[in-house]
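These notes concern the structure reproduced below.
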Amino acid sequence: MRILLSSICLETGTDIQLALYYLKGYLLKHPPLSASGRLPALRSCDITIRTFTEDLCISRIARDIARQKPRIIGFSCYVWNIEKTLSVCRLLKKIDADILIVLGGPEATPRAEDILGREPAVDIVVRGEGEQAFADCAAAVAAGCGFSRITAISWRQDGRVRSNPARNKDLVPAAIPSPYLSGLIDLDRKDIVDVPLETSRGCACRCAYCYYHKNFPRVRFFPLSRVEKELALILSHRPREVYLMDATFNAYPARAKKILRLFIRHNRGSNLHVELKAELLDEEMARLLAAARANNIEIGIQSLNPRTLESMHRPFNREGFRKGIELLNKYGLLYEIQLIDALPYQRYEDLQDALDWLYGLHPVKVALFPLSVLPGTALRASAARYGIQYSKRAPYRAYQSNAMRRQEVARVERLRFAMERLYDSQVFQKALYDLRDKAGIKISDILEDFISWSARLPGAGRITPEGYNRRLPEFLAYVLRKKIGVRHELTLIRV
Ligand code: SF4
């Protein structure tokens, strides 16, 4: 029996899809039995992992899969690949009606019944953690029995969608074989640049716009002894970056410090990528992060508006955050602070205020993300109450809220562009601070001026980033003329 595990990936497609390797490792550890119940019906070579880049057309992906003649195909579904995955399923079923199509992942789980109701090509949706349920489905196929006793799946029986009960016990992480230590991932592959690693599953937070904590409701840890072995192996191959996938890496500071020490001990020049809370940083952790070459740190705060934060169930300690950012700056770490635009009560002016405050901390980068109203989230359930209107197709972008008009949400795209050109590119950073400190102009006002100024440039859409950089002295003159009525040659401010 051949099983194919697949996902349509963002960007290069060379990134490692951990979920697929977890499924394969678990299947090999718990192989489905043949109909006689004696012999394992599955060998390693019967389970193939095949990923596709998002630029490939649907028919090419479907034909590639069909050529391998799998009995079962499992797709890992995310917000960025669900639409295309469903199109591939439709075509695949036309090519070979006997393939059992199973979907799983954070985009399929909350939409299980909806997907099965609309998409006759999909046979089963695995809800939540997929390892056990997928292995149970494979076992049912191998034994030639039905799916009625498999927990945590939704499926179709005689044309009707059925949802079996959820599992009453979560998997113990240690029961899932390590894709690295088991040799399923060949780290010698030349195309492997960045390596993901989970040291825990789940999140203690309950952010209303996020689905992760519903898929993994409790925080469970992989044993530190296993994490050390994985790090030792991974780092011995000197990848460019190791990405720790944990929801908030430093949510448990003592454990995070232990992992950082392990990373430092085994590191041979790789960079570390983590997501963390700045409020939980202390001097020791900042020092350890620097020693671990943590040069890719994501810090989501999403908003500074207290009402927005409260409605999203996100506590925020402004003073603790400021101190954390100071520590990251002190140790020269590279990080990105992330905001989300059209959250409840978040006005366009709130974003401007947040940018003024955040740029006052001299951050490495601030990023402004569009709000996606994800299926299964508390925010999606209360979207109407917050006046949030959003696209019904993935990635479910919000285009209006109770605090932002449609035009304002659209303007955020221009604001993002202004932030990139004036701050992130670094060419204009000093002038931004000079304009603020010497001319008393708020940074958010300068960003707005850039939006208006750049919109009037002839052929604005065709100007390259370098082209914008060359024209920044013109922009500076425009700001000075507009705000204080002087020619920029009369000031000390230079680009
Ligand atoms: S947004 Fe991050 S911190 Fe909040 S629930 Fe999701 S994973 Fe946890």
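Chain identifiers are assigned as A, B, and so on, following the order in which chains appear in the structure tokens; residues are numbered from 1 within each chain, and ligands are numbered from 1 in order of appearance.
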> What residues have any atom no more than 8 Å from ligand 1 when counting only C-alpha atoms and all ligand atoms, and can you list them as a PyMOL selection string?
Replying inline: chain A and resi 202-213+247-248+300+314
> Within 6 Å of region 47-55 of chain A, counting only C-alpha atoms, which residues qualify if same-chain residues fewer than 3 places away don't, as a VMD selection string?
Replying inline: chain A and resid 3 to 10 13 44
Closest-contact table, region 262-367 of chain A side, partner region 413-422 of chain A, 10 Å, counting only C-alpha atoms, as a Markdown table:
| residue | atom | partner | partner_atom | distance |
| --- | --- | --- | --- | --- |
| A:Asp341 | CA | A:Glu413 | CA | 9.8 |
| A:Leu351 | CA | A:Leu415 | CA | 9.7 |
| A:Gln352 | CA | A:Leu415 | CA | 9.3 |
| A:Leu355 | CA | A:Met419 | CA | 9.4 |
| A:Lys365 | CA | A:Glu420 | CA | 8.9 |
| A:Val366 | CA | A:Met419 | CA | 8.0 |
| A:Ala367 | CA | A:Arg416 | CA | 7.5 |
Those residues with N, CA and C atoms, as a short mmCIF file (atom, residue, chain, number, x, y, z; two decimals), in the first residue's frame please?
data_model
loop_
_atom_site.label_atom_id
_atom_site.label_comp_id
_atom_site.auth_asym_id
_atom_site.auth_seq_id
_atom_site.Cartn_x
_atom_site.Cartn_y
_atom_site.Cartn_z
N ASP A 341 -3.15 45.12 11.45
CA ASP A 341 -3.89 46.35 11.17
C ASP A 341 -5.34 46.41 11.71
N LEU A 351 -2.52 53.01 14.91
CA LEU A 351 -1.32 52.46 14.27
C LEU A 351 -0.24 53.54 14.20
N GLN A 352 -0.66 54.76 13.87
CA GLN A 352 0.31 55.86 13.79
C GLN A 352 0.95 56.11 15.16
N LEU A 355 3.38 53.41 15.94
CA LEU A 355 4.64 53.56 15.21
C LEU A 355 5.50 54.64 15.85
N LYS A 365 13.36 46.74 13.35
CA LYS A 365 12.32 46.80 12.31
C LYS A 365 10.93 46.69 12.95
N VAL A 366 9.99 47.42 12.39
CA VAL A 366 8.58 47.23 12.77
C VAL A 366 7.85 46.77 11.51
N ALA A 367 7.05 45.72 11.64
CA ALA A 367 6.29 45.22 10.48
C ALA A 367 4.80 45.32 10.77
#
>> Considering only helix (DSSP H, G or I) as DSSP defines it on the backbone, what residues of region 161-396 of chain A qualify? List them as number ranges by chain.
In response: A: 173-175, 212-215, 224-236, 253-266, 278-280, 283-291, 306-311, 318-330, 348-359, 378-381
> Contacts of Asn402 (chain A) at 7 Å or less, counting only C-alpha atoms, minus same-chain residues fewer than 2 places along, as a list in words?
Replying inline: Pro344, Tyr345, Tyr386, Gly387, Ile388 and Met404 of chain A
> How would you write, as a list in words, the set of residues in region 226-318 of chain A that DSSP gives as strand (DSSP E)?
Replying inline: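 Result set for region 226-318 of chain A (strand (DSSP E)): Glu241, Val242, Tyr243, Leu244, Asn271, Leu272, His273, Val274, Glu275, Asn296, Ile297, Glu298, Ile299, Gly300, Ile301 and Gln302 of chain A.
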> Using only C-alpha atoms, which residue out of A:Val409, A:Ile185, A:Ile16, A:Leu334 lies closest to Leu368 (chain A)?
Replying inline: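 That would be A:Val409, the residue with the smallest distance to Leu368 (chain A).
One distance worth recording is that between CA of Leu327 (chain A) and CA of Ile234 (chain A), which is 28.4 Å.
Among the candidate residues A:Val88, A:Ala135, A:Met245, A:Val126, the one lying nearest to Gln17 (chain A) is A:Met245, with distances computed using only C-alpha atoms.
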> Near Trp357 (chain A), within 10 Å and counting only C-alpha atoms, which residues show up once chain neighbours fewer than 6 positions away are dropped, as a list of chain:residue names?
Replying inline: A:Leu304, A:Arg322, A:Leu351, A:Ile443, A:Ser444
>> Taking only C-alpha atoms into account, name the residue in A:Leu476, A:Leu289, A:Val227, A:Leu103 that is nearest to Leu20 (chain A).
In response: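 Nearest candidate to Leu20 (chain A) out of A:Leu476, A:Leu289, A:Val227, A:Leu103: A:Leu103.
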> Got a sec: who's within 8 Å of Leu343 (chain A), counting only C-alpha atoms, leaving out chain neighbours fewer than 6 positions off, as a ChimeraX atom specification?
Replying inline: /A:308,371,401
> Near Ile101 (chain A), counting only C-alpha atoms, which residues have an atom at most 8 Å away, once you skip same-chain residues fewer than 3 positions from it, shown as JSON, numbers by chain?
Replying inline: {"A": [72, 73, 74, 75, 89, 121, 122, 123, 124]}
